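Report on the structure given below.
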Amino acid sequence: MRYTKFVIENFKGIQNLTIDLSKQPFNRIHTFVGLNESGKTTILEAIKTVVESWDNDNTHQLIPKHHKASFTGEVSIIAYVEVDEQDNRMILDKYKELGYSDYKPIDYFTINRCWKFQSSQLCNKPMSYWDFDPLVKKNRGRKFIALGDKNKDWQTIVGYIRSSLMPRIVYYENLLFEFPDRIYLCGPKAEKSNNQPYKDIVEDIVREVIDKDGNIQTSLYEIYKKQDTGSKDIFRARKNKLQEFISREVFSSWGTLFNSTETSAKIELTFDVSKDEKNKEEDFYVEIRIEKGADSFYISERSVGFRWFFSFLFFILFRKNRKTDLGETLFLLDEPASNLHPTAQKRLLDTFERFVKDETRPLKLLYTTHSHHMINPKWLEGAYVVKNEAVDYSEPFGDRKVTNIMAVPYKRFVADYPDQQDYFQPILDTLEYQPGLLEKVPNIIITEGKNDYYTLRYIHEVLLENKYRNVHLLPGAGCYKNHSIIQLYMGWNKSFIVLLDADKAGKNAVKEYVSTFGNIILQNIKTYEDFVPEIGAVAMEDIFTEAEKLAITQRFDETATKYKKSAFNTAIQTALINKEVVELSEETLNKFDSLLKALNTYKFA
């Protein structure tokens, strides 16, 4: 199972908002981009309430902000859950246990988590409505029937789905924790709210490394308490396995992030018990240290960067590794790494990509950010631009109107944007971005539009494995619409070329740019055949063979019998996002290789 859509109404500052995670191109990572107070956190809070109900003592916080004085109505979050073939088989097996002979498979169901208010007072307990009404057949029955939510068998099936099949939603509000020197695993202190998340992760690791059906109590504590030699050997072996596993995961990820070959550091676990003499109670705990040579450090004694990444790996990597989980886990991260150096933020994006690759444990990642360093251009097709219409950011103290948090899919945001300089400009404007005084601005290659940009990126990054170092692509807004970015680079006195198709539209665009900038602009305008004559006067997609264009089109639309431009471009974007290899002929790949090689060695004027 996986979550495909959330419909949010009257939740805090959200009046009516739909977050659709199923649109093409398919993304496993969705970025919510916006300034502070735009409402990004509110969106994640709404999604997580589907599985984690709001604290009953604080339900007044849910009331729409502009209706705090007197709200009569309903706050609701509706989650759409997709059901796959394996899920349907398991549901059928459960029905058979209850005496049914058949069940009609379903494609999806919905869950509505809602709160009803009268004059800003909660009317009753929060409700969770399941729109789950499959048809079933009794052993000797001839017809399929619907059971209804009052039927005890219906309730049994829903309980089974909730406990065994539903994908998890994991929400982390802030990953810059003061990582504790001591994590309590059993005893009174283990159940305290500030300790519980850490204990849960340790239990996840125990199930990953020692016993998928085990837990801290049986796999560690009960063995630790025994004093015979055999039990001590068993505990020592289990401790070593845990240390080795955590060390391998943490330091291999750290090395990948920071290009480090550091191998001398390792994780050291110390287990012990503390006793409360007054209450005669015992707490079993573990301390986690970094051991390097003769030195040993608590996590809290290391740098802010290491503490953040250790917390991130601890809570994300180890949490996602649960072998017992079914379905696509949904991770919600609020402003990850917002206080780290830009280089660390960029490297974190690579880590995100590694996490979502594992097809055996599928997960989807939703994260918020107001940092342009935390935005990967190839994920923009699945990104949302978040704005709070109650805040006027041009006013020094934020002029406020009626609160209305909007999250507009980036594709639609770009289409509606009146003054595009390039495909990325709406993001830069949303974040009020300005280059720093020390920021290096590279020589760029402006493609006609976003589709050429994604195609060249796909060939270069996925099929040629980033073979060339000096190819800096920027997606234009269309062959006639790149005046603003040209003006900007001319004003900066920075080098650039505009890479156009060598077709009729491209040639007309050249005349348009010459009429605006004069003949001097001709040295900055190139076509594919200028670099590789054998490509010819064609558009980007025509570098592919007809068979290749159809095969790529069919990756998006299986029923297609001929090349369709929109489906072709969507398939390319999806393949780039998921790093899927599309088989191309040697001739086609050589043409792209020659083009990228020529772009890489081009001597900018």
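Every chain in the structure tokens has a letter given in the order shown (A, B, ...), and although residue numbers restart at 1 in each chain, ligands are simply numbered from 1 in the order shown.
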For segment 540-552 of chain A, please output as a compact mmCIF listing (two decimals) with N, CA, C and O atoms, in the first residue's frame all residues within 7 Å (counting only C-alpha atoms; exclusion window: fewer than 3 positions along the same chain).
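Everything below was put into out-v3.txt:
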```
# COMPACT_ATOMS: atom_id res chain seq x y z
N ASP A 452 14.66 19.85 -23.30
CA ASP A 452 16.02 19.64 -23.77
C ASP A 452 16.98 19.54 -22.58
O ASP A 452 17.92 18.73 -22.58
N ASP A 501 17.53 24.32 -31.26
CA ASP A 501 17.31 23.37 -32.33
C ASP A 501 17.65 24.05 -33.66
O ASP A 501 17.47 25.26 -33.82
N ILE A 535 24.71 15.34 -36.56
CA ILE A 535 23.38 15.38 -35.94
C ILE A 535 22.38 15.98 -36.91
O ILE A 535 21.24 15.53 -37.02
N ARG A 555 7.11 3.87 -22.17
CA ARG A 555 7.44 3.76 -20.74
C ARG A 555 6.44 4.54 -19.90
O ARG A 555 6.21 4.23 -18.74
N LYS A 562 2.53 5.21 -31.36
CA LYS A 562 3.45 6.13 -32.04
C LYS A 562 4.01 7.12 -31.02
O LYS A 562 3.49 7.25 -29.91
N TYR A 563 5.05 7.78 -31.43
CA TYR A 563 5.73 8.76 -30.56
C TYR A 563 4.79 9.89 -30.17
O TYR A 563 4.08 10.46 -31.01
N PHE A 568 6.79 11.23 -24.09
CA PHE A 568 8.23 11.01 -24.24
C PHE A 568 8.99 11.83 -23.21
O PHE A 568 9.87 11.31 -22.50
N ALA A 571 8.51 10.60 -19.65
CA ALA A 571 9.27 9.36 -19.42
C ALA A 571 10.75 9.66 -19.19
O ALA A 571 11.39 9.04 -18.34
N LEU A 584 19.70 2.52 -25.54
CA LEU A 584 19.79 3.28 -26.78
C LEU A 584 20.79 2.60 -27.70
O LEU A 584 21.71 1.91 -27.25
N THR A 588 23.06 6.39 -31.51
CA THR A 588 22.41 7.50 -30.79
C THR A 588 23.26 7.95 -29.62
O THR A 588 23.48 9.15 -29.41
```
Find the spatial neighbours of Asn240 of chain A, counting only C-alpha atoms, within a cut-off of 12 Å - ignore same-chain residues fewer than 3 positions away - and output them as a PDB file with all heavy atoms, in the first residue's frame.
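Writing the result to around-v5.pdb gives the following:
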```pdb
ATOM      1  N   VAL A 206      17.723  -3.678  16.622  1.00  0.00           N
ATOM      2  CA  VAL A 206      17.755  -5.039  17.183  1.00  0.00           C
ATOM      3  C   VAL A 206      17.028  -6.003  16.240  1.00  0.00           C
ATOM      4  O   VAL A 206      17.520  -7.102  15.957  1.00  0.00           O
ATOM      5  CB  VAL A 206      17.121  -5.061  18.584  1.00  0.00           C
ATOM      6  CG1 VAL A 206      16.861  -6.500  19.040  1.00  0.00           C
ATOM      7  CG2 VAL A 206      18.028  -4.353  19.588  1.00  0.00           C
ATOM      8  N   VAL A 209      19.187  -6.562  13.067  1.00  0.00           N
ATOM      9  CA  VAL A 209      20.495  -7.220  13.193  1.00  0.00           C
ATOM     10  C   VAL A 209      20.413  -8.567  13.906  1.00  0.00           C
ATOM     11  O   VAL A 209      21.112  -9.515  13.546  1.00  0.00           O
ATOM     12  CB  VAL A 209      21.486  -6.289  13.930  1.00  0.00           C
ATOM     13  CG1 VAL A 209      22.825  -6.969  14.140  1.00  0.00           C
ATOM     14  CG2 VAL A 209      21.661  -4.994  13.158  1.00  0.00           C
ATOM     15  N   ILE A 210      19.558  -8.650  14.923  1.00  0.00           N
ATOM     16  CA  ILE A 210      19.577  -9.843  15.787  1.00  0.00           C
ATOM     17  C   ILE A 210      18.407 -10.783  15.507  1.00  0.00           C
ATOM     18  O   ILE A 210      18.593 -11.966  15.237  1.00  0.00           O
ATOM     19  CB  ILE A 210      19.591  -9.425  17.277  1.00  0.00           C
ATOM     20  CG1 ILE A 210      20.876  -8.649  17.586  1.00  0.00           C
ATOM     21  CG2 ILE A 210      19.479 -10.648  18.181  1.00  0.00           C
ATOM     22  CD1 ILE A 210      20.932  -8.069  18.983  1.00  0.00           C
ATOM     23  N   ASP A 233      28.396 -14.747  26.837  1.00  0.00           N
ATOM     24  CA  ASP A 233      28.947 -14.874  25.483  1.00  0.00           C
ATOM     25  C   ASP A 233      27.930 -14.442  24.427  1.00  0.00           C
ATOM     26  O   ASP A 233      28.277 -13.770  23.446  1.00  0.00           O
ATOM     27  CB  ASP A 233      29.384 -16.316  25.221  1.00  0.00           C
ATOM     28  CG  ASP A 233      30.681 -16.666  25.949  1.00  0.00           C
ATOM     29  OD1 ASP A 233      31.374 -15.732  26.403  1.00  0.00           O
ATOM     30  OD2 ASP A 233      30.987 -17.870  26.044  1.00  0.00           O
ATOM     31  N   ILE A 234      26.687 -14.867  24.633  1.00  0.00           N
ATOM     32  CA  ILE A 234      25.632 -14.490  23.684  1.00  0.00           C
ATOM     33  C   ILE A 234      25.464 -12.983  23.660  1.00  0.00           C
ATOM     34  O   ILE A 234      25.385 -12.359  22.585  1.00  0.00           O
ATOM     35  CB  ILE A 234      24.300 -15.180  24.050  1.00  0.00           C
ATOM     36  CG1 ILE A 234      24.406 -16.690  23.834  1.00  0.00           C
ATOM     37  CG2 ILE A 234      23.147 -14.606  23.228  1.00  0.00           C
ATOM     38  CD1 ILE A 234      23.223 -17.475  24.368  1.00  0.00           C
ATOM     39  N   PHE A 235      25.425 -12.362  24.851  1.00  0.00           N
ATOM     40  CA  PHE A 235      25.222 -10.907  24.907  1.00  0.00           C
ATOM     41  C   PHE A 235      26.389 -10.169  24.253  1.00  0.00           C
ATOM     42  O   PHE A 235      26.183  -9.205  23.500  1.00  0.00           O
ATOM     43  CB  PHE A 235      25.054 -10.440  26.355  1.00  0.00           C
ATOM     44  CG  PHE A 235      24.678  -8.981  26.448  1.00  0.00           C
ATOM     45  CD1 PHE A 235      23.360  -8.598  26.329  1.00  0.00           C
ATOM     46  CD2 PHE A 235      25.643  -7.991  26.624  1.00  0.00           C
ATOM     47  CE1 PHE A 235      22.999  -7.253  26.384  1.00  0.00           C
ATOM     48  CE2 PHE A 235      25.299  -6.656  26.677  1.00  0.00           C
ATOM     49  CZ  PHE A 235      23.968  -6.286  26.561  1.00  0.00           C
ATOM     50  N   ARG A 236      27.604 -10.647  24.507  1.00  0.00           N
ATOM     51  CA  ARG A 236      28.786 -10.006  23.929  1.00  0.00           C
ATOM     52  C   ARG A 236      28.739 -10.081  22.392  1.00  0.00           C
ATOM     53  O   ARG A 236      29.044  -9.106  21.691  1.00  0.00           O
ATOM     54  CB  ARG A 236      30.056 -10.668  24.445  1.00  0.00           C
ATOM     55  CG  ARG A 236      31.351  -9.943  24.031  1.00  0.00           C
ATOM     56  CD  ARG A 236      32.589 -10.668  24.548  1.00  0.00           C
ATOM     57  NE  ARG A 236      32.561 -10.820  25.995  1.00  0.00           N
ATOM     58  CZ  ARG A 236      32.406 -11.985  26.626  1.00  0.00           C
ATOM     59  NH1 ARG A 236      32.258 -13.110  25.932  1.00  0.00           N
ATOM     60  NH2 ARG A 236      32.387 -12.037  27.939  1.00  0.00           N
ATOM     61  N   ALA A 237      28.325 -11.230  21.871  1.00  0.00           N
ATOM     62  CA  ALA A 237      28.234 -11.403  20.424  1.00  0.00           C
ATOM     63  C   ALA A 237      27.167 -10.482  19.828  1.00  0.00           C
ATOM     64  O   ALA A 237      27.369  -9.885  18.755  1.00  0.00           O
ATOM     65  CB  ALA A 237      27.921 -12.860  20.088  1.00  0.00           C
ATOM     66  N   GLN A 243      27.228  -3.038  17.263  1.00  0.00           N
ATOM     67  CA  GLN A 243      28.288  -2.044  17.078  1.00  0.00           C
ATOM     68  C   GLN A 243      28.772  -2.028  15.635  1.00  0.00           C
ATOM     69  O   GLN A 243      28.943  -0.969  15.032  1.00  0.00           O
ATOM     70  CB  GLN A 243      29.468  -2.329  18.014  1.00  0.00           C
ATOM     71  CG  GLN A 243      29.184  -2.039  19.464  1.00  0.00           C
ATOM     72  CD  GLN A 243      30.359  -2.339  20.370  1.00  0.00           C
ATOM     73  OE1 GLN A 243      30.428  -1.855  21.488  1.00  0.00           O
ATOM     74  NE2 GLN A 243      31.296  -3.148  19.901  1.00  0.00           N
ATOM     75  N   GLU A 244      28.993  -3.219  15.087  1.00  0.00           N
ATOM     76  CA  GLU A 244      29.506  -3.321  13.724  1.00  0.00           C
ATOM     77  C   GLU A 244      28.498  -2.760  12.722  1.00  0.00           C
ATOM     78  O   GLU A 244      28.862  -2.030  11.786  1.00  0.00           O
ATOM     79  CB  GLU A 244      29.808  -4.784  13.389  1.00  0.00           C
ATOM     80  CG  GLU A 244      30.359  -4.994  11.985  1.00  0.00           C
ATOM     81  CD  GLU A 244      30.523  -6.458  11.634  1.00  0.00           C
ATOM     82  OE1 GLU A 244      30.224  -7.318  12.492  1.00  0.00           O
ATOM     83  OE2 GLU A 244      30.942  -6.738  10.506  1.00  0.00           O
ATOM     84  N   PHE A 245      27.228  -3.083  12.918  1.00  0.00           N
ATOM     85  CA  PHE A 245      26.186  -2.628  12.002  1.00  0.00           C
ATOM     86  C   PHE A 245      26.060  -1.104  12.028  1.00  0.00           C
ATOM     87  O   PHE A 245      26.047  -0.453  10.979  1.00  0.00           O
ATOM     88  CB  PHE A 245      24.853  -3.273  12.382  1.00  0.00           C
ATOM     89  CG  PHE A 245      23.687  -2.787  11.563  1.00  0.00           C
ATOM     90  CD1 PHE A 245      23.516  -3.214  10.247  1.00  0.00           C
ATOM     91  CD2 PHE A 245      22.771  -1.898  12.096  1.00  0.00           C
ATOM     92  CE1 PHE A 245      22.445  -2.765   9.491  1.00  0.00           C
ATOM     93  CE2 PHE A 245      21.695  -1.441  11.343  1.00  0.00           C
ATOM     94  CZ  PHE A 245      21.539  -1.880  10.045  1.00  0.00           C
ATOM     95  N   ILE A 246      25.974  -0.531  13.223  1.00  0.00           N
ATOM     96  CA  ILE A 246      25.825   0.925  13.330  1.00  0.00           C
ATOM     97  C   ILE A 246      27.064   1.631  12.783  1.00  0.00           C
ATOM     98  O   ILE A 246      26.958   2.619  12.051  1.00  0.00           O
ATOM     99  CB  ILE A 246      25.561   1.343  14.791  1.00  0.00           C
ATOM    100  CG1 ILE A 246      24.250   0.717  15.295  1.00  0.00           C
ATOM    101  CG2 ILE A 246      25.493   2.862  14.918  1.00  0.00           C
ATOM    102  CD1 ILE A 246      23.985   0.918  16.781  1.00  0.00           C
ATOM    103  N   SER A 247      28.249   1.109  13.104  1.00  0.00           N
ATOM    104  CA  SER A 247      29.496   1.713  12.605  1.00  0.00           C
ATOM    105  C   SER A 247      29.527   1.708  11.087  1.00  0.00           C
ATOM    106  O   SER A 247      29.872   2.711  10.446  1.00  0.00           O
ATOM    107  CB  SER A 247      30.711   0.957  13.147  1.00  0.00           C
ATOM    108  OG  SER A 247      30.821   1.064  14.543  1.00  0.00           O
ATOM    109  N   LYS A 266      34.897   4.074  15.122  1.00  0.00           N
ATOM    110  CA  LYS A 266      33.855   3.052  15.226  1.00  0.00           C
ATOM    111  C   LYS A 266      32.916   3.391  16.370  1.00  0.00           C
ATOM    112  O   LYS A 266      33.221   4.232  17.221  1.00  0.00           O
ATOM    113  CB  LYS A 266      34.466   1.659  15.425  1.00  0.00           C
ATOM    114  CG  LYS A 266      35.268   1.501  16.707  1.00  0.00           C
ATOM    115  CD  LYS A 266      35.846   0.088  16.798  1.00  0.00           C
ATOM    116  CE  LYS A 266      36.619  -0.103  18.112  1.00  0.00           C
ATOM    117  NZ  LYS A 266      37.166  -1.471  18.235  1.00  0.00           N
ATOM    118  N   ILE A 267      31.785   2.731  16.378  1.00  0.00           N
ATOM    119  CA  ILE A 267      30.782   2.936  17.414  1.00  0.00           C
ATOM    120  C   ILE A 267      31.046   1.981  18.571  1.00  0.00           C
ATOM    121  O   ILE A 267      31.295   0.790  18.375  1.00  0.00           O
ATOM    122  CB  ILE A 267      29.361   2.705  16.862  1.00  0.00           C
ATOM    123  CG1 ILE A 267      29.034   3.703  15.764  1.00  0.00           C
ATOM    124  CG2 ILE A 267      28.327   2.780  17.983  1.00  0.00           C
ATOM    125  CD1 ILE A 267      28.964   5.144  16.207  1.00  0.00           C
ATOM    126  N   GLU A 268      30.978   2.529  19.770  1.00  0.00           N
ATOM    127  CA  GLU A 268      31.143   1.722  20.980  1.00  0.00           C
ATOM    128  C   GLU A 268      29.851   1.797  21.792  1.00  0.00           C
ATOM    129  O   GLU A 268      29.376   2.898  22.114  1.00  0.00           O
ATOM    130  CB  GLU A 268      32.316   2.257  21.814  1.00  0.00           C
ATOM    131  CG  GLU A 268      32.505   1.543  23.133  1.00  0.00           C
ATOM    132  CD  GLU A 268      33.532   2.236  24.030  1.00  0.00           C
ATOM    133  OE1 GLU A 268      33.858   3.419  23.775  1.00  0.00           O
ATOM    134  OE2 GLU A 268      33.975   1.604  24.987  1.00  0.00           O
ATOM    135  N   LEU A 269      29.272   0.643  22.117  1.00  0.00           N
ATOM    136  CA  LEU A 269      28.046   0.570  22.911  1.00  0.00           C
ATOM    137  C   LEU A 269      28.361   0.053  24.307  1.00  0.00           C
ATOM    138  O   LEU A 269      29.060  -0.956  24.457  1.00  0.00           O
ATOM    139  CB  LEU A 269      27.025  -0.353  22.248  1.00  0.00           C
ATOM    140  CG  LEU A 269      26.592  -0.016  20.816  1.00  0.00           C
ATOM    141  CD1 LEU A 269      25.572  -1.046  20.325  1.00  0.00           C
ATOM    142  CD2 LEU A 269      26.014   1.387  20.724  1.00  0.00           C
ATOM    143  N   THR A 270      27.851   0.741  25.302  1.00  0.00           N
ATOM    144  CA  THR A 270      28.020   0.299  26.691  1.00  0.00           C
ATOM    145  C   THR A 270      26.641   0.103  27.301  1.00  0.00           C
ATOM    146  O   THR A 270      25.851   1.057  27.392  1.00  0.00           O
ATOM    147  CB  THR A 270      28.802   1.340  27.510  1.00  0.00           C
ATOM    148  OG1 THR A 270      30.072   1.560  26.896  1.00  0.00           O
ATOM    149  CG2 THR A 270      29.008   0.849  28.935  1.00  0.00           C
ATOM    150  N   PHE A 271      26.334  -1.131  27.715  1.00  0.00           N
ATOM    151  CA  PHE A 271      25.053  -1.447  28.345  1.00  0.00           C
ATOM    152  C   PHE A 271      25.242  -1.564  29.853  1.00  0.00           C
ATOM    153  O   PHE A 271      26.256  -2.081  30.326  1.00  0.00           O
ATOM    154  CB  PHE A 271      24.485  -2.765  27.800  1.00  0.00           C
ATOM    155  CG  PHE A 271      24.091  -2.709  26.360  1.00  0.00           C
ATOM    156  CD1 PHE A 271      25.009  -2.996  25.352  1.00  0.00           C
ATOM    157  CD2 PHE A 271      22.794  -2.375  25.996  1.00  0.00           C
ATOM    158  CE1 PHE A 271      24.645  -2.956  24.022  1.00  0.00           C
ATOM    159  CE2 PHE A 271      22.420  -2.334  24.655  1.00  0.00           C
ATOM    160  CZ  PHE A 271      23.350  -2.621  23.671  1.00  0.00           C
TER     161      PHE A 271
END
```
| message | Env of Phe117 of chain A: 8 Å cut, atoms = only C-alpha atoms, seq-sep filter 3 positions within chain, self excluded. Answer as a ChimeraX atom specification. | response | /A:71-74,120-123
Store the residues picked out above in a file with N, CA and C atoms, as a PDB file, in the first residue's frame.
```
ATOM      1  N   PHE A  71     -15.673  29.068  15.763  1.00  0.00           N
ATOM      2  CA  PHE A  71     -15.628  28.175  14.602  1.00  0.00           C
ATOM      3  C   PHE A  71     -16.621  27.050  14.776  1.00  0.00           C
ATOM      4  N   THR A  72     -17.536  26.952  13.833  1.00  0.00           N
ATOM      5  CA  THR A  72     -18.465  25.821  13.779  1.00  0.00           C
ATOM      6  C   THR A  72     -18.250  25.128  12.442  1.00  0.00           C
ATOM      7  N   GLY A  73     -17.779  23.912  12.525  1.00  0.00           N
ATOM      8  CA  GLY A  73     -17.469  23.199  11.295  1.00  0.00           C
ATOM      9  C   GLY A  73     -16.585  22.013  11.558  1.00  0.00           C
ATOM     10  N   GLU A  74     -15.964  21.529  10.525  1.00  0.00           N
ATOM     11  CA  GLU A  74     -15.184  20.290  10.614  1.00  0.00           C
ATOM     12  C   GLU A  74     -13.770  20.515  10.087  1.00  0.00           C
ATOM     13  N   SER A 120     -16.196  26.872  18.402  1.00  0.00           N
ATOM     14  CA  SER A 120     -14.786  26.653  18.772  1.00  0.00           C
ATOM     15  C   SER A 120     -14.595  25.625  19.884  1.00  0.00           C
ATOM     16  N   GLN A 121     -15.647  24.875  20.226  1.00  0.00           N
ATOM     17  CA  GLN A 121     -15.536  23.807  21.219  1.00  0.00           C
ATOM     18  C   GLN A 121     -15.647  22.460  20.516  1.00  0.00           C
ATOM     19  N   LEU A 122     -14.747  21.523  20.876  1.00  0.00           N
ATOM     20  CA  LEU A 122     -14.780  20.198  20.266  1.00  0.00           C
ATOM     21  C   LEU A 122     -16.054  19.476  20.669  1.00  0.00           C
ATOM     22  N   CYS A 123     -16.801  18.990  19.665  1.00  0.00           N
ATOM     23  CA  CYS A 123     -18.098  18.357  19.945  1.00  0.00           C
ATOM     24  C   CYS A 123     -17.952  16.950  20.504  1.00  0.00           C
TER      25      CYS A 123
END
```
Next on the checklist: Which residues are close to Lys357 of chain A, i.e. within 8 Å by only C-alpha atoms, leaving aside same-chain residues fewer than 4 positions away? Reply as a PyMOL selection string.
Outcome noted: chain A and resi 353+362+578
Dump as a PDB file, in the first residue's frame, selection limited to C-alpha atoms:
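Output (again-v8.pdb):
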```
ATOM      1  CA  GLU A 353      18.475   9.954  -3.257  1.00  0.00           C
ATOM      2  CA  PRO A 362      10.090   1.510  -0.724  1.00  0.00           C
ATOM      3  CA  ASN A 578      14.838   7.344 -10.687  1.00  0.00           C
TER       4      ASN A 578
END
```
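Residues lying within 6 Å of segment 441-448 of chain A, counting only C-alpha atoms and ignoring same-chain neighbours fewer than 6 positions away, are His472, Leu473, Leu474, Pro475, Gly476, Gly478, Cys479, Ser495, Phe496, Ile497, Val498, Leu499 and Leu500 of chain A.
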inquiry  = Report as a PyMOL selection string all protein, DNA and RNA residues lying within 7 Å of Lys12 of chain A, evaluated on only C-alpha atoms, omitting residues in the same chain fewer than 5 positions from it.
reply    = chain A and resi 61-65
Worksheet item: From the set A:Ala407, A:Ile525, A:Met374, A:Val136, which residue has the shortest atom-to-atom contact distance to Ala344 of chain A, counting only C-alpha atoms?
Response: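 Of A:Ala407, A:Ile525, A:Met374, A:Val136, the one nearest Ala344 of chain A is A:Met374, counting only C-alpha atoms.
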Might you pull out every residue within 9 Å of Ser219 of chain A, with only C-alpha atoms counted and same-chain residues fewer than 2 positions away left off, and present them as a list in words?
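Here the answer would be Val206, Arg207, Ile210, Asp211, Gly214, Asn215, Ile216, Gln217, Tyr221, Glu222, Ile223, Tyr224, Phe235 and Arg238 of chain A.
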Query raised in the report: Where in segment 418-542 of chain A does DSSP assign alpha helix (DSSP H), given as a ChimeraX atom specification?
Result: /A:425-430,450-458,483-492,504-517,528-531
So which bits of segment 134-309 of chain A end up strand (DSSP E) when you DSSP the backbone, as a ChimeraX atom specification? /A:135-138,145-146,169-172,183-186,266-276,281-292,295-298
